[in-house]
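Chemist: Here you go, protein_13.txt (compact mmCIF, C-alpha atoms):
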# COMPACT_ATOMS: atom_id res chain seq x y z
CA MET T 1 182.16 173.38 191.67
CA VAL T 2 183.70 176.10 189.46
CA CYS T 3 181.08 178.58 190.65
CA LYS T 4 181.94 177.86 194.28
CA GLN T 5 185.64 178.45 193.64
CA VAL T 6 184.94 181.69 191.80
CA GLY T 7 182.74 182.79 194.70
CA LYS T 8 185.54 182.11 197.20
CA VAL T 9 187.97 184.15 195.11
CA ILE T 10 185.53 187.06 194.95
CA VAL T 11 184.99 186.97 198.74
CA PHE T 12 188.78 186.84 199.31
CA PHE T 13 189.36 189.94 197.20
CA LEU T 14 186.48 191.78 198.86
CA VAL T 15 187.95 191.08 202.30
CA LEU T 16 191.42 192.12 201.10
CA THR T 17 190.06 195.37 199.65
CA LEU T 18 188.24 196.24 202.88
CA THR T 19 191.37 195.48 204.91
CA LEU T 20 193.53 197.75 202.77
CA LEU T 21 190.96 200.53 202.97
CA THR T 22 190.78 200.21 206.75
CA PHE T 23 194.45 199.80 207.66
CA GLY T 24 196.33 201.16 204.65
CA CYS T 25 198.47 199.32 202.15
CA SER T 26 201.17 198.61 204.71
CA GLY T 27 198.71 196.61 206.77
CA GLN T 28 199.26 198.97 209.75
CA GLU T 29 196.50 200.94 211.46
CA PRO T 30 197.06 204.64 210.70
CA ALA T 31 196.20 205.85 214.21
CA LYS T 32 198.56 208.37 215.73
CA GLU T 33 201.10 206.86 218.09
CA GLU T 34 200.02 209.08 220.98
CA GLU T 35 196.47 207.75 220.65
CA LYS T 36 197.69 204.22 221.27
CA GLY T 37 200.25 204.97 223.96
CA PRO T 38 199.84 206.00 227.58
CA VAL T 39 198.01 209.11 228.73
CA LYS T 40 200.48 211.40 230.51
CA ILE T 41 199.32 213.70 233.31
CA GLY T 42 201.72 216.30 234.72
CA PHE T 43 202.02 217.01 238.43
CA PHE T 44 204.12 219.31 240.62
CA ALA T 45 204.30 219.60 244.40
CA PRO T 46 206.70 220.80 247.14
CA VAL T 47 208.11 217.36 248.01
CA THR T 48 211.19 218.97 249.56
CA GLY T 49 211.63 222.29 251.34
CA PRO T 50 209.46 224.01 253.96
CA ALA T 51 206.22 222.45 252.71
CA ALA T 52 207.56 218.92 252.27
CA ALA T 53 204.92 217.33 254.50
CA ASP T 54 202.14 218.65 252.27
CA GLY T 55 204.17 217.65 249.23
CA GLU T 56 204.42 214.07 250.43
CA SER T 57 200.70 213.98 251.20
CA VAL T 58 199.62 215.18 247.77
CA LEU T 59 202.12 213.03 245.87
CA ASN T 60 200.70 210.03 247.72
CA ALA T 61 197.21 211.05 246.66
CA ALA T 62 198.26 211.56 243.04
CA LYS T 63 199.86 208.12 242.87
CA LEU T 64 196.80 206.53 244.50
CA ALA T 65 194.47 208.19 241.98
CA VAL T 66 196.55 206.96 239.03
CA GLU T 67 196.73 203.46 240.53
CA LYS T 68 192.95 203.39 240.94
CA ILE T 69 192.20 204.49 237.38
CA ASN T 70 194.68 202.01 235.89
CA GLU T 71 193.20 199.17 237.95
CA ALA T 72 189.85 200.11 236.41
CA GLY T 73 191.22 199.92 232.85
CA GLY T 74 192.80 203.33 232.45
CA ILE T 75 191.31 205.87 230.08
CA ASN T 76 189.29 203.71 227.72
CA GLY T 77 191.97 201.04 227.79
CA ARG T 78 194.99 203.35 227.79
CA GLU T 79 197.35 203.40 230.76
CA VAL T 80 197.69 206.64 232.71
CA VAL T 81 201.27 207.73 233.53
CA LEU T 82 202.05 210.32 236.19
CA VAL T 83 204.84 212.74 235.23
CA ASP T 84 205.68 214.33 238.57
CA TYR T 85 208.19 216.95 239.69
CA ASP T 86 209.29 218.49 242.99
CA ASP T 87 209.05 222.30 242.94
CA GLY T 88 210.60 222.72 246.39
CA LEU T 89 208.12 225.58 246.97
CA ASP T 90 210.29 227.69 244.67
CA THR T 91 208.61 229.82 242.01
CA LYS T 92 211.55 229.63 239.60
CA GLN T 93 211.56 225.88 239.88
CA ALA T 94 207.80 225.78 239.28
CA VAL T 95 208.25 227.81 236.08
CA SER T 96 211.02 225.48 234.89
CA ILE T 97 208.81 222.46 235.57
CA ALA T 98 205.94 224.02 233.62
CA GLN T 99 208.23 224.54 230.63
CA LYS T 100 209.31 220.88 230.75
CA LEU T 101 205.78 219.57 231.09
CA THR T 102 204.45 221.64 228.20
CA THR T 103 207.33 221.21 225.75
CA LYS T 104 209.09 217.89 226.43
CA ASP T 105 206.90 215.55 228.43
CA GLY T 106 203.85 215.28 226.20
CA VAL T 107 201.27 215.71 228.97
CA VAL T 108 197.63 216.37 228.10
CA ALA T 109 196.75 218.01 231.43
CA VAL T 110 198.44 219.09 234.66
CA VAL T 111 197.50 219.06 238.35
CA SER T 112 199.10 221.50 240.76
CA GLY T 113 199.70 219.97 244.17
CA SER T 114 201.46 223.12 245.28
CA TYR T 115 200.86 226.43 247.03
CA SER T 116 199.59 229.73 245.61
CA GLY T 117 203.00 231.29 244.89
CA THR T 118 204.32 228.45 242.76
CA THR T 119 200.97 227.74 241.10
CA ARG T 120 200.40 231.39 240.24
CA ALA T 121 203.93 231.80 238.86
CA SER T 122 203.57 228.88 236.45
CA ALA T 123 199.90 229.16 235.43
CA LYS T 124 200.57 231.41 232.41
CA ILE T 125 202.86 228.80 230.87
CA TYR T 126 200.09 226.19 230.93
CA GLN T 127 197.61 228.74 229.61
CA ASP T 128 199.86 229.78 226.74
CA ALA T 129 200.52 226.11 225.87
CA LYS T 130 196.76 225.43 226.01
CA ILE T 131 197.27 222.59 228.49
CA PRO T 132 194.49 222.40 231.13
CA MET T 133 195.78 222.82 234.67
CA ILE T 134 193.77 222.19 237.85
CA SER T 135 195.00 223.73 241.09
CA SER T 136 194.25 221.30 243.89
CA TYR T 137 194.19 223.67 246.85
CA ALA T 138 196.08 226.93 246.15
CA ILE T 139 193.73 229.80 247.01
CA HIS T 140 195.04 233.00 245.40
CA PRO T 141 192.35 234.55 243.14
CA ASP T 142 194.78 235.46 240.36
CA ILE T 143 195.46 231.79 239.56
CA THR T 144 192.26 231.19 237.60
CA ARG T 145 192.27 234.71 236.19
CA THR T 146 195.27 233.61 234.12
CA GLY T 147 192.97 232.18 231.46
CA ASP T 148 190.38 229.64 230.36
CA TYR T 149 192.65 226.59 230.67
CA ILE T 150 193.16 227.12 234.41
CA PHE T 151 190.77 225.62 236.99
CA ARG T 152 190.62 225.40 240.78
CA GLN T 153 189.53 222.32 242.74
CA SER T 154 189.44 223.87 246.23
CA PHE T 155 187.91 227.17 247.32
CA VAL T 156 189.30 230.49 246.20
CA GLY T 157 190.43 232.59 249.16
CA GLN T 158 187.39 234.86 249.18
CA VAL T 159 185.03 231.92 249.62
CA GLN T 160 186.88 230.34 252.52
CA GLY T 161 187.45 233.71 254.20
CA ARG T 162 183.74 234.53 254.03
CA ALA T 163 182.88 231.07 255.31
CA GLY T 164 185.27 231.55 258.23
CA ALA T 165 183.61 234.84 259.13
CA LYS T 166 180.18 233.22 259.12
CA VAL T 167 181.45 230.46 261.41
CA ALA T 168 183.11 232.96 263.75
CA VAL T 169 180.24 235.42 264.09
CA GLU T 170 177.09 233.35 263.59
CA MET T 171 178.14 229.92 264.88
CA LEU T 172 180.77 230.72 267.52
CA ASN T 173 179.18 234.05 268.53
CA ALA T 174 182.43 236.02 268.36
CA LYS T 175 182.06 239.79 268.71
CA ARG T 176 185.72 240.79 269.13
CA ILE T 177 188.21 239.01 266.89
CA SER T 178 192.00 238.99 266.49
CA ILE T 179 193.66 237.81 263.27
CA LEU T 180 197.09 236.12 263.26
CA HIS T 181 198.14 235.07 259.76
CA VAL T 182 201.12 233.74 257.84
CA ASP T 183 202.65 236.52 255.74
CA ILE T 184 202.31 234.96 252.26
CA ASP T 185 199.55 234.84 249.61
CA PHE T 186 197.61 232.23 251.56
CA GLY T 187 197.41 234.19 254.81
CA LYS T 188 196.93 237.61 253.25
CA THR T 189 194.07 236.53 250.99
CA LEU T 190 192.16 234.69 253.70
CA SER T 191 192.67 237.44 256.27
CA GLN T 192 191.36 240.16 253.98
CA SER T 193 188.20 238.31 252.94
CA PHE T 194 187.56 237.16 256.53
CA LYS T 195 187.91 240.72 257.86
CA GLU T 196 185.53 242.19 255.30
CA LYS T 197 182.80 239.61 255.94
CA ALA T 198 183.22 239.56 259.74
CA GLU T 199 182.83 243.34 259.92
CA GLU T 200 179.83 243.14 257.60
CA LEU T 201 178.28 240.65 260.05
CA GLY T 202 178.86 243.05 262.93
CA ALA T 203 182.08 241.82 264.55
CA GLU T 204 184.99 244.04 265.53
CA ILE T 205 188.51 243.17 264.39
CA VAL T 206 190.61 244.25 267.37
CA SER T 207 194.04 243.32 265.97
CA ILE T 208 195.78 241.96 262.88
CA ASP T 209 199.26 240.44 263.15
CA SER T 210 201.38 238.40 260.77
CA PHE T 211 204.36 236.07 260.97
CA SER T 212 206.86 234.51 258.59
CA MET T 213 206.44 230.98 257.34
CA GLY T 214 208.47 228.66 259.56
CA GLU T 215 208.09 230.86 262.65
CA ARG T 216 208.13 228.94 265.94
CA GLU T 217 207.97 231.61 268.66
CA PHE T 218 204.53 233.16 269.18
CA THR T 219 204.56 234.01 272.89
CA PRO T 220 205.12 237.77 272.42
CA VAL T 221 202.28 238.28 269.92
CA LEU T 222 199.95 235.98 271.85
CA THR T 223 200.70 237.93 275.05
CA LYS T 224 199.70 241.14 273.27
CA ILE T 225 196.51 239.54 271.93
CA LYS T 226 195.63 238.17 275.37
CA GLN T 227 195.60 241.70 276.76
CA LEU T 228 193.05 242.71 274.12
CA ASN T 229 190.69 239.99 275.38
CA PRO T 230 189.13 238.94 272.04
CA ASP T 231 186.44 236.25 271.82
CA LEU T 232 188.23 234.42 269.02
CA ILE T 233 191.56 234.28 267.18
CA TYR T 234 191.44 233.59 263.45
CA ILE T 235 194.62 231.84 262.30
CA PRO T 236 195.16 231.44 258.54
CA ALA T 237 198.34 229.43 259.10
CA TYR T 238 199.91 226.15 258.10
CA ALA T 239 200.01 223.11 260.33
CA GLY T 240 203.51 223.59 261.76
CA GLU T 241 202.93 227.17 262.85
CA GLY T 242 199.32 226.48 263.83
CA ALA T 243 200.36 223.72 266.22
CA GLN T 244 202.85 226.03 267.93
CA ILE T 245 200.29 228.83 268.19
CA VAL T 246 197.70 226.74 270.05
CA ARG T 247 200.35 225.06 272.23
CA GLN T 248 201.86 228.36 273.31
CA ALA T 249 198.40 229.86 273.84
CA LYS T 250 197.67 227.02 276.25
CA ASP T 251 200.95 227.66 278.06
CA LEU T 252 199.79 231.27 278.52
CA ASN T 253 196.49 229.97 279.90
CA MET T 254 194.57 231.65 277.09
CA LYS T 255 191.06 230.24 277.32
CA ILE T 256 190.02 231.38 273.88
CA GLN T 257 188.38 229.95 270.79
CA PHE T 258 190.67 229.37 267.78
CA LEU T 259 189.34 229.27 264.25
CA GLY T 260 191.68 227.94 261.60
CA THR T 261 191.57 227.12 257.91
CA GLU T 262 192.46 224.27 255.58
CA GLY T 263 196.11 225.12 256.26
CA ILE T 264 196.03 223.29 259.60
CA ASP T 265 193.95 220.40 258.31
CA SER T 266 196.58 217.78 259.11
CA THR T 267 196.34 214.79 261.41
CA ILE T 268 200.10 214.38 261.72
CA GLN T 269 201.47 217.91 261.48
CA PHE T 270 198.78 219.71 263.48
CA LEU T 271 196.97 217.24 265.70
CA GLY T 272 200.07 215.14 266.31
CA VAL T 273 202.12 218.13 267.46
CA ALA T 274 199.46 220.26 269.16
CA GLU T 275 198.00 217.26 271.02
CA ASP T 276 195.47 218.31 273.69
CA ALA T 277 196.03 222.02 272.95
CA ALA T 278 194.14 221.45 269.69
CA GLU T 279 190.97 220.34 271.46
CA GLY T 280 188.03 222.50 270.41
CA VAL T 281 189.80 224.18 267.49
CA VAL T 282 187.41 224.73 264.57
CA ILE T 283 188.55 224.91 260.93
CA THR T 284 187.07 225.68 257.53
CA THR T 285 188.26 223.05 255.11
CA ASN T 286 187.60 220.87 252.09
CA LEU T 287 187.06 217.45 253.70
CA ASN T 288 184.37 216.03 255.97
CA ARG T 289 185.82 212.88 257.54
CA ASP T 290 182.46 211.94 259.03
CA SER T 291 180.62 211.90 255.72
CA GLU T 292 178.91 208.59 255.02
CA ARG T 293 179.27 209.00 251.26
CA LYS T 294 181.03 206.05 249.64
CA GLU T 295 183.55 208.21 247.79
CA VAL T 296 184.78 209.70 251.06
CA GLN T 297 185.05 206.52 253.08
CA ASP T 298 186.62 204.52 250.24
CA PHE T 299 189.29 207.19 249.76
CA ILE T 300 190.11 207.45 253.46
CA LYS T 301 190.32 203.68 253.77
CA SER T 302 192.46 203.20 250.63
CA TYR T 303 194.85 206.01 251.55
CA ASN T 304 195.23 204.80 255.14
CA GLU T 305 195.84 201.20 254.06
CA LYS T 306 198.43 202.18 251.45
CA TYR T 307 200.39 204.81 253.38
CA GLY T 308 199.75 203.98 257.03
CA PHE T 309 198.11 207.25 258.09
CA LYS T 310 194.87 209.11 257.43
CA PRO T 311 194.68 211.62 254.56
CA ASP T 312 194.30 215.35 255.03
CA MET T 313 192.55 218.04 253.03
CA VAL T 314 195.36 218.60 250.54
CA ALA T 315 195.45 214.89 249.75
CA ALA T 316 191.69 214.71 249.23
CA SER T 317 191.68 217.83 247.04
CA THR T 318 194.52 216.48 244.90
CA TYR T 319 192.85 213.09 244.53
CA ASP T 320 189.66 214.83 243.39
CA ALA T 321 191.52 216.91 240.81
CA PHE T 322 192.75 213.70 239.17
CA MET T 323 189.37 212.00 239.39
CA VAL T 324 187.65 214.93 237.69
CA LEU T 325 190.24 214.81 234.90
CA PHE T 326 189.80 211.05 234.47
CA HIS T 327 186.03 211.44 234.30
CA VAL T 328 186.30 214.11 231.61
CA MET T 329 188.86 212.18 229.56
CA LYS T 330 186.71 209.06 229.55
CA GLU T 331 183.80 211.10 228.26
CA LYS T 332 185.52 213.58 225.95
CA GLY T 333 188.88 212.06 225.02
CA THR T 334 192.43 213.13 225.76
CA ASP T 335 192.84 216.12 223.49
CA PRO T 336 193.67 219.13 225.73
CA GLU T 337 190.94 221.28 224.21
CA ALA T 338 188.38 218.51 224.72
CA ILE T 339 189.51 218.20 228.35
CA ARG T 340 189.16 221.96 228.88
CA GLN T 341 185.67 221.94 227.39
CA GLY T 342 184.70 218.88 229.43
CA LEU T 343 185.72 220.59 232.66
CA THR T 344 183.38 223.48 231.90
CA GLU T 345 180.51 220.99 231.55
CA ILE T 346 180.98 219.14 234.87
CA LYS T 347 177.73 218.97 236.85
CA ASP T 348 177.10 217.39 240.27
CA PHE T 349 180.27 215.29 240.24
CA PRO T 350 180.51 213.11 243.41
CA ALA T 351 184.00 214.04 244.65
CA VAL T 352 185.65 213.15 247.96
CA THR T 353 185.57 216.82 248.98
CA GLY T 354 181.86 217.17 248.27
CA ILE T 355 179.46 217.28 245.36
CA ILE T 356 181.02 219.51 242.72
CA LYS T 357 178.15 221.50 241.27
CA GLY T 358 180.40 222.72 238.49
CA TYR T 359 183.12 225.19 237.54
CA ASN T 360 182.13 228.74 236.76
CA ARG T 361 183.26 230.84 233.79
CA LEU T 362 186.49 231.70 235.64
CA GLY T 363 187.27 228.05 236.39
CA GLU T 364 186.33 228.28 240.08
CA VAL T 365 184.71 225.26 241.70
CA GLU T 366 181.29 225.53 243.30
CA LYS T 367 180.66 223.27 246.29
CA SER T 368 179.91 223.48 250.00
CA VAL T 369 182.54 224.50 252.56
CA GLN T 370 183.20 221.89 255.23
CA VAL T 371 183.67 222.91 258.87
CA GLN T 372 185.43 220.54 261.28
CA ILE T 373 186.11 220.63 265.01
CA VAL T 374 188.80 218.82 266.99
CA ARG T 375 187.24 216.42 269.47
CA ASP T 376 189.22 213.75 271.33
CA GLY T 377 192.24 214.38 269.17
CA GLU T 378 190.52 213.98 265.78
CA PHE T 379 188.74 216.18 263.25
CA HIS T 380 184.97 215.73 263.22
CA TYR T 381 181.94 217.31 261.57
CA PHE T 382 180.91 220.71 262.94
CA ALA T 383 178.93 222.26 260.08
CA GLU T 384 178.61 222.56 256.31
CA ILE T 385 178.17 225.92 254.62
CA SER T 386 176.21 225.94 251.40
CA ASP T 387 174.75 229.47 251.47
CA PRO T 388 174.91 230.81 247.89
CA ASP T 389 176.16 234.22 249.04
CA ILE T 390 179.08 232.55 250.82
CA ILE T 391 180.19 229.82 248.40
CA ALA T 392 179.67 231.77 245.16
CA ALA T 393 183.11 232.32 243.64
CA PRO T 394 184.00 235.40 241.59
CA THR T 395 183.39 235.11 237.84
CA GLU T 396 185.81 237.78 236.65
Any chance you could put this one into structure tokens?

Modeler:
Amino acid sequence: MVCKQVGKVIVFFLVLTLTLLTFGCSGQEPAKEEEKGPVKIGFFAPVTGPAAADGESVLNAAKLAVEKINEAGGINGREVVLVDYDDGLDTKQAVSIAQKLTTKDGVVAVVSGSYSGTTRASAKIYQDAKIPMISSYAIHPDITRTGDYIFRQSFVGQVQGRAGAKVAVEMLNAKRISILHVDIDFGKTLSQSFKEKAEELGAEIVSIDSFSMGEREFTPVLTKIKQLNPDLIYIPAYAGEGAQIVRQAKDLNMKIQFLGTEGIDSTIQFLGVAEDAAEGVVITTNLNRDSERKEVQDFIKSYNEKYGFKPDMVAASTYDAFMVLFHVMKEKGTDPEAIRQGLTEIKDFPAVTGIIKGYNRLGEVEKSVQVQIVRDGEFHYFAEISDPDIIAAPTE
């Protein structure tokens, strides 16, 4: 009997010793508080201002992505919290937001749901703070050149411009081409890369014209272009301006092929306003609505059910940026450096916007370019460009 009691005492003290060694003398687990609390992801988008429609679309996608990951248990049991700000498409505001996210908010990574100007202006702050930032759809090449913590989810401008030229010359058989672009980073970058590749493929660029963001009157420039009799007009524009361009071209009885970009990839802003004038318009973009892949159809269905309208390219690209981050954090943890390293190791990730083959040394995504055509008032599959010489992003 005495032996049994002694044995119990010995076991008790062994258990007590192990407990103290594991949790500390206070009886509390010594894990850092941030390792037990929520995982904070920063986000900025133009929810107000001239790009508010895109801002609403991407904020919806960001919230949907966070909802989905939390429903699935978060990041290894930790809740994900979205820390989002409205940049109003203002570069100064974007810089202020970056300072808040990197110094006060405790985020481990950031997603840009904004345009090139605001993303480019704030990228250095994230780089200096060593906080990984993924640009959802901004195209300016200087964004990823900021440093090794900056990545891009959509195509850099050179890739989409080259893809557009291939579509124009080799698929739409255009020999004489006019360019009409919005006069900001987006339009300038796409126009330049398109022009270079189109001329390389043997086409003639007969005119290049630009317009200010928010412009609504295009009859004079379209009248001039009509007199030049091009085979195709390339329009790196946003949805509001793009809708007016094709509507006014129809009013002028211009029977001409339009080729747009991801900027007019919008069911509500472009198709809803342009209506039958949009029929036959072809675009290079980042989303194939007709894909039978589960990731694509599940996203479209979930977004439509939650918000009451179908998602566009910017929404899909933003959703993917979050999903890539979640995948990396589950595998590598939530330390910013581990996230950065994990992003460099991504291979064949099944995203909504296509299979991500990886990110190159500059942080540029490698995946196929989607080409859509408007038929019966909706975007549908036209082609997919996977030629290595077209989709290869710069590495320096």

Chemist: Calculated over all atoms listed in the file, which of the candidates T:Asn360, T:Gln297, T:Gln257, T:Asn229 has the smallest distance to Glu396 in chain T?

Modeler: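 Using all atoms listed in the file, the shortest distance to Glu396 in chain T belongs to T:Asn360.
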
Chemist: Counting only C-alpha atoms, which residues sit no farther than 8 Å from the position (202.5, 218.1, 237.6) in the file's frame? I'd like them as a PyMOL selection string.

Modeler: chain T and resi 41-45+82-85+97-98+101+110-113

Chemist: Excluding range 209-224 of chain T and any residue of its chain fewer than 5 positions from it, enumerate the residues within 6 Å of it, using all atoms listed in the file, and give them as a PyMOL selection string.

Modeler: chain T and resi 180-183

Chemist: For Ser386 in chain T, which of T:Ile139, T:Ile256, T:Ile233, T:Val371 is the closest residue, counting only C-alpha atoms?

Modeler: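 Smallest separation from Ser386 in chain T among the options: T:Val371.
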
Chemist: Find the residues near Gln158 in chain T: any atom within 7 Å, counting all atoms listed in the file, skip ones fewer than 3 places away on the same chain, and give them as a PyMOL selection string.

Modeler: chain T and resi 161-162+190+193

Chemist: Just checking: using all atoms listed in the file, which residue out of T:Ala61, T:Ile356, T:Val365, T:Ala52 ends up closest to Gln269 in chain T?

Modeler: T:Ala52

Chemist: Got a sec: who's within 8 Å of Ala203 in chain T, counting all atoms listed in the file, leaving out chain neighbours fewer than 2 positions off, as a PyMOL selection string?

Modeler: chain T and resi 169+174-177+198-201+205

Chemist: Using all atoms listed in the file, which of T:Tyr303, T:Phe270, T:Tyr359, T:Tyr319 sits nearest Gly377 in chain T?

Modeler: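 The answer is T:Phe270, which sits nearest to Gly377 in chain T.
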
Chemist: Here is a test: counting only C-alpha atoms, which residue of T:Ile385, T:Leu59, T:Ala129, T:Ala138 is nearest to Pro311 in chain T?

Modeler: T:Leu59

Chemist: Sorted by chain and rising residue number, list the residues of range 37-140 of chain T at most 8 Å from range 151-154 of chain T (counting all atoms listed in the file), each with its closest atom pair and distance in Å to one decimal, as a Markdown table.

Modeler:
| residue | atom | partner | partner_atom | distance |
| --- | --- | --- | --- | --- |
| T:Pro132 | CA | T:Phe151 | CA | 7.7 |
| T:Met133 | CA | T:Phe151 | CA | 6.2 |
| T:Ile134 | CA | T:Phe151 | CA | 4.6 |
| T:Ser135 | CA | T:Arg152 | CA | 4.7 |
| T:Ser136 | CA | T:Gln153 | CA | 5.0 |
| T:Tyr137 | CA | T:Ser154 | CA | 4.8 |
| T:Ala138 | CA | T:Ser154 | CA | 7.3 |
| T:Ile139 | CA | T:Ser154 | CA | 7.4 |

Chemist: Measuring between all atoms listed in the file, which one of T:Ile143, T:Ile390, T:Ala243, T:Val328 shows the shortest distance to Ala165 in chain T?

Modeler: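 For Ala165 in chain T, the nearest of the candidates is T:Ile390.
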
Chemist: What gap, in Å, lies between CA of Gly263 in chain T and CA of His140 in chain T?

Modeler: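 Going from CA of Gly263 in chain T over to CA of His140 in chain T, I get 13.5 Å.
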
Chemist: Please check which residues have atoms at most 12 Å from (177.4, 228.2, 267.0) in the file's coordinates, counting only C-alpha atoms, and write them as a PyMOL selection string.

Modeler: chain T and resi 166-174+257+282+371+373+382-383

Chemist: Take the residues from that selection and write them out as an mmCIF file, keeping the file's coordinate frame, keeping C-alpha atoms.

Modeler:
data_model
loop_
_atom_site.group_PDB
_atom_site.id
_atom_site.type_symbol
_atom_site.label_atom_id
_atom_site.label_comp_id
_atom_site.auth_asym_id
_atom_site.auth_seq_id
_atom_site.Cartn_x
_atom_site.Cartn_y
_atom_site.Cartn_z
ATOM 1 C CA LYS T 166 180.180 233.220 259.120
ATOM 2 C CA VAL T 167 181.450 230.460 261.410
ATOM 3 C CA ALA T 168 183.110 232.960 263.750
ATOM 4 C CA VAL T 169 180.240 235.420 264.090
ATOM 5 C CA GLU T 170 177.090 233.350 263.590
ATOM 6 C CA MET T 171 178.140 229.920 264.880
ATOM 7 C CA LEU T 172 180.770 230.720 267.520
ATOM 8 C CA ASN T 173 179.180 234.050 268.530
ATOM 9 C CA ALA T 174 182.430 236.020 268.360
ATOM 10 C CA GLN T 257 188.380 229.950 270.790
ATOM 11 C CA VAL T 282 187.410 224.730 264.570
ATOM 12 C CA VAL T 371 183.670 222.910 258.870
ATOM 13 C CA ILE T 373 186.110 220.630 265.010
ATOM 14 C CA PHE T 382 180.910 220.710 262.940
ATOM 15 C CA ALA T 383 178.930 222.260 260.080
#

Chemist: Between CA of Ser291 in chain T and CA of Glu241 in chain T, measure the distance and give it in Å to one decimal.

Modeler: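 So the answer is 28.0 Å.
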
Chemist: Identify, on the basis of only C-alpha atoms, every residue whose closest approach to range 65-80 of chain T does not exceed 6 Å; exclude the query and any residue fewer than 4 positions from it along the same chain; express the result as a PyMOL selection string.

Modeler: chain T and resi 38-40+319+330

Chemist: For Asp90 in chain T, list every protein, DNA or RNA residue within 12 Å, evaluated using only C-alpha atoms, and leave out those in the same chain fewer than 4 positions away; present the list as a PDB file with C-alpha atoms, in the coordinates of the input.

Modeler:
ATOM      1  CA  PHE T  44     204.120 219.310 240.620  1.00  0.00           C
ATOM      2  CA  ALA T  45     204.300 219.600 244.400  1.00  0.00           C
ATOM      3  CA  PRO T  46     206.700 220.800 247.140  1.00  0.00           C
ATOM      4  CA  VAL T  47     208.110 217.360 248.010  1.00  0.00           C
ATOM      5  CA  THR T  48     211.190 218.970 249.560  1.00  0.00           C
ATOM      6  CA  GLY T  49     211.630 222.290 251.340  1.00  0.00           C
ATOM      7  CA  PRO T  50     209.460 224.010 253.960  1.00  0.00           C
ATOM      8  CA  ALA T  51     206.220 222.450 252.710  1.00  0.00           C
ATOM      9  CA  ALA T  52     207.560 218.920 252.270  1.00  0.00           C
ATOM     10  CA  ASP T  86     209.290 218.490 242.990  1.00  0.00           C
ATOM     11  CA  ALA T  94     207.800 225.780 239.280  1.00  0.00           C
ATOM     12  CA  VAL T  95     208.250 227.810 236.080  1.00  0.00           C
ATOM     13  CA  SER T  96     211.020 225.480 234.890  1.00  0.00           C
ATOM     14  CA  ILE T  97     208.810 222.460 235.570  1.00  0.00           C
ATOM     15  CA  SER T 114     201.460 223.120 245.280  1.00  0.00           C
ATOM     16  CA  TYR T 115     200.860 226.430 247.030  1.00  0.00           C
ATOM     17  CA  SER T 116     199.590 229.730 245.610  1.00  0.00           C
ATOM     18  CA  GLY T 117     203.000 231.290 244.890  1.00  0.00           C
ATOM     19  CA  THR T 118     204.320 228.450 242.760  1.00  0.00           C
ATOM     20  CA  THR T 119     200.970 227.740 241.100  1.00  0.00           C
ATOM     21  CA  ARG T 120     200.400 231.390 240.240  1.00  0.00           C
ATOM     22  CA  ALA T 121     203.930 231.800 238.860  1.00  0.00           C
ATOM     23  CA  SER T 122     203.570 228.880 236.450  1.00  0.00           C
TER      24      SER T 122
END

Chemist: Could you jot down the CA of Leu232 in chain T to CA of Asp389 in chain T separation for me, Å, one decimal place?

Modeler: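 CA of Asp389 in chain T lies at a distance of 23.3 Å from CA of Leu232 in chain T.
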
Chemist: Output range 311-318 of chain T as a CSV table (one decimal), keeping the file's coordinate frame, making sure N, CA, C and O atoms are there.

Modeler:
chain,number,residue,atom,x,y,z
T,311,PRO,N,194.4,210.5,255.5
T,311,PRO,CA,194.7,211.6,254.6
T,311,PRO,C,194.2,212.9,255.1
T,311,PRO,O,193.3,213.0,256.0
T,312,ASP,N,194.7,214.0,254.6
T,312,ASP,CA,194.3,215.4,255.0
T,312,ASP,C,193.6,216.0,253.9
T,312,ASP,O,193.4,215.4,252.8
T,313,MET,N,193.3,217.3,254.1
T,313,MET,CA,192.6,218.0,253.0
T,313,MET,C,193.3,218.2,251.7
T,313,MET,O,192.7,218.0,250.6
T,314,VAL,N,194.6,218.4,251.8
T,314,VAL,CA,195.4,218.6,250.5
T,314,VAL,C,195.4,217.3,249.7
T,314,VAL,O,195.4,217.3,248.5
T,315,ALA,N,195.5,216.2,250.4
T,315,ALA,CA,195.4,214.9,249.8
T,315,ALA,C,194.1,214.7,249.1
T,315,ALA,O,194.0,214.2,247.9
T,316,ALA,N,193.0,214.9,249.8
T,316,ALA,CA,191.7,214.7,249.2
T,316,ALA,C,191.4,215.6,248.0
T,316,ALA,O,190.9,215.2,247.0
T,317,SER,N,191.9,216.9,248.1
T,317,SER,CA,191.7,217.8,247.0
T,317,SER,C,192.5,217.4,245.8
T,317,SER,O,192.0,217.6,244.7
T,318,THR,N,193.7,216.9,246.0
T,318,THR,CA,194.5,216.5,244.9
T,318,THR,C,193.9,215.2,244.2
T,318,THR,O,193.9,215.1,243.0
